[in-house]
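Chemist: One structure follows; several queries about it will come next.
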Amino acid sequence: MIIAVDAAGGDYYPKSPVEGSIQALEEDPNLTVILIGPEDVINNELEGHDYDQERLLVQHAPEIIGMDESPAQAVKTKQNSSIVTGVGMHKKGKCDAFLSAGNTGALLAASTFLLGKLEGVSRPTIATVYPTIKGPRLVMDAGANLEVRPSMFVEFAKMGRVFAKEIMDVDDPQIGLLNVGEEEEKGTENLKNAHNELQALPNFIGNVEGGDIFSGKADVFLCDGLIGNIILKFGESIPEALELFVKKGIKDLGLGAEEAKLVSKVLKTSLAEFDPDKVGGVPFLGVDGLTMVGHGSSSPLAIKNMILSAAKCVDHNINEKIVASLK
């Protein structure tokens with residue numbers, strides 16, 4: 001299996017993509033990784049690393065799409081960028097998946113333009129993995145579609161259910177529609193109509209509220225991209241905020257060094273599920289191929305986990321099962 005990785009994407013390129021790729025190769029002997037980006041930058045980073053040169057390859061792509069660039073414009077004008085090159089290679093069958101921790105919008109645009117959509121999909125979606133007391137669960141859409149029609153919610157539900165079952169190992173995933181209340185009549189007209197259409201799905205449990213996410217009341221939480229992205233960014237802020245609150249509490253209570261150390265250890269353990277590096281990245285569900293996006297601050301561990309997750313998606317024929325679920 002061949003996985004292509006954007007070596008010029010994210011806050012810590014090329015270090016994170018290079019080291020993460022080497023770690024993935026060490027963990028899975030059946031993988032080959034292609035690092036895509038400026039050849040000299042990648043080769044300089046590879047110096048000093050021990051790796052299998054037959055399984056870790058370099059593809060030159062001189063242009064880099066920055067995190068703050070307009071996605072559509074960058075994809076059109078930077079045809080030799082790592083993102084456009086990587087998606088293009090995937091389209092031509094030169095790799096089984098392409099991954100990046102770079103510009104999310106650019107990767108989505110390139111994936112949509114170059115790969116197209118799966119049969120039965122009106123719009124691809126981003127599903128983010130969110131921590132709950134029952135383990136990681138999905139929140140979708142996480143930013144790809146700021147407005148979502150009722151029929152799209154049904155598509156997202158079916159795609160999310162396949163991903164949760166096949167990749168996250170959730171038995172019989174349950175679907176919930178995020179709303180301002182559990183009652184059927186709550187929410188906007190669009191959400192009411194979505195609720196009505198989702199009722200045709202046997203695994204739809206109805207409306208759920210924001211407070212139901214951490215309790216894991218559903219396995220796939222549906223929302224539009226505006227709400228989903230707010231939830232995502234709020235979740236990412238929780239660990240740092242709680243750490244500050246706890247430090248203040250330790251100071252206010254005048255705890256000793258040993259007590260403070262114990263409290264900090266409990267906090268660190270409790271917040272481990274919020275670590276995005278454990279997940280690595282998530283795919284754009286609905287595109288006719290497999291592209292995955294990781295957090296901009298992805299560490300080598302995050303890149304490694306994203307590569308292994310992509311390999312699992314390929315092994316489980318995720319797209320074929322999504323298409324079958326939409327018929």
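Residue names in the structure tokens use chain letters A, B, ... in the order shown, residue numbers from 1 in each chain, and ligand numbers from 1 in the order shown.
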Determine which residues of stretch 29-255 of chain A receive a DSSP assignment of helix (DSSP H, G or I), computed from the backbone, and state them as a ChimeraX atom specification.
Modeler: /A:39-46,71-77,82-91,104-115,150-166,189-198,210-212,225-253
Chemist: From a DSSP pass on the backbone, collect the residues of stretch 51-251 of chain A flagged as strand (DSSP E) and hand them back as a PyMOL selection string.
Modeler: chain A and resi 56-60+97-100+125-130+137-140+175-178+204-208+220-222
Chemist: Go through A:Val154, A:Met159, A:Val129, A:Ala310 one by one, measure the shortest atom-to-atom distance of each to A:Glu236 using only C-alpha atoms, and give the residue with the smallest value.
Modeler: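 Smallest distance to A:Glu236 is found for A:Val129.
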Chemist: Using only C-alpha atoms, pick whichever of A:Asp141, A:Asp277, A:Glu147, A:Glu69 has the shortest atom-to-atom distance to A:Ala106.
Modeler: A:Glu69
Chemist: If you count only C-alpha atoms, which residues fall within 12 Å of A:Val121, apart from same-chain ones fewer than 5 positions away, as a PyMOL selection string?
Modeler: chain A and resi 112+116+151-159+284-288+319+322-327
Chemist: Find the residues near A:Glu39: any atom within 9 Å, counting only C-alpha atoms, skip ones fewer than 6 places away on the same chain, and give them as number ranges by chain.
Modeler: A: 58-62
Chemist: Can you tell me which residues surround stretch 205-215 of chain A at a distance of at most 8 Å, considering only C-alpha atoms, apart from same-chain residues fewer than 3 positions away, and format the answer as a list in words?
Modeler: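 Returned residues: Pro131, Thr132, Ile133, Lys134, Gln174, Ile175, Gly176, Leu177, Leu178, Asn179, Val180, Gly181, Glu182, Glu183, Glu184, His195, Gln199, Ala218 and Phe221 of chain A.
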Chemist: Quick one: everything within 10 Å of A:Asn43, counting only C-alpha atoms, minus sequence neighbours fewer than 6 positions away in the same chain. Send it as a PyMOL selection string.
Modeler: chain A and resi 14+18+35+58
Chemist: Please dump the current selection as an mmCIF file, in the first residue's frame; keep C-alpha atoms.
Modeler:
data_model
loop_
_atom_site.group_PDB
_atom_site.id
_atom_site.type_symbol
_atom_site.label_atom_id
_atom_site.label_comp_id
_atom_site.auth_asym_id
_atom_site.auth_seq_id
_atom_site.Cartn_x
_atom_site.Cartn_y
_atom_site.Cartn_z
ATOM 1 C CA PRO A 14 9.112 19.108 7.154
ATOM 2 C CA VAL A 18 9.235 13.185 7.780
ATOM 3 C CA LEU A 35 6.849 12.510 0.804
ATOM 4 C CA VAL A 58 10.428 11.699 -2.360
#
Chemist: Taking 4 positions as the minimum chain separation for residues in the same chain, which residues sit within 7 Å of A:Leu56 when counting only C-alpha atoms? Answer as an MDAnalysis selection string.
Modeler: chainID A and resid 32:34 52
Chemist: Take atom CA of A:Gly187 and atom CA of A:Gly135 and report the distance between them in Å, one decimal.
Modeler: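 A separation of 28.0 Å between them.
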Chemist: Which residue, A:Ala74, A:Leu242, A:Leu301, A:Leu115, has the smallest gap to A:Pro17 when you use only C-alpha atoms?
Modeler: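 Residue with the minimum atom-to-atom distance to A:Pro17: A:Leu301.
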Chemist: Which of these residues is nearest to A:Gly9, using only C-alpha atoms: A:Leu57, A:Val314, A:Ala241, A:Ile303?
Modeler: A:Ile303
Chemist: I'd like to know which of A:Met140, A:Ala302, A:Cys95, A:Ile83 is closest to A:Asp224, using only C-alpha atoms.
Modeler: A:Met140
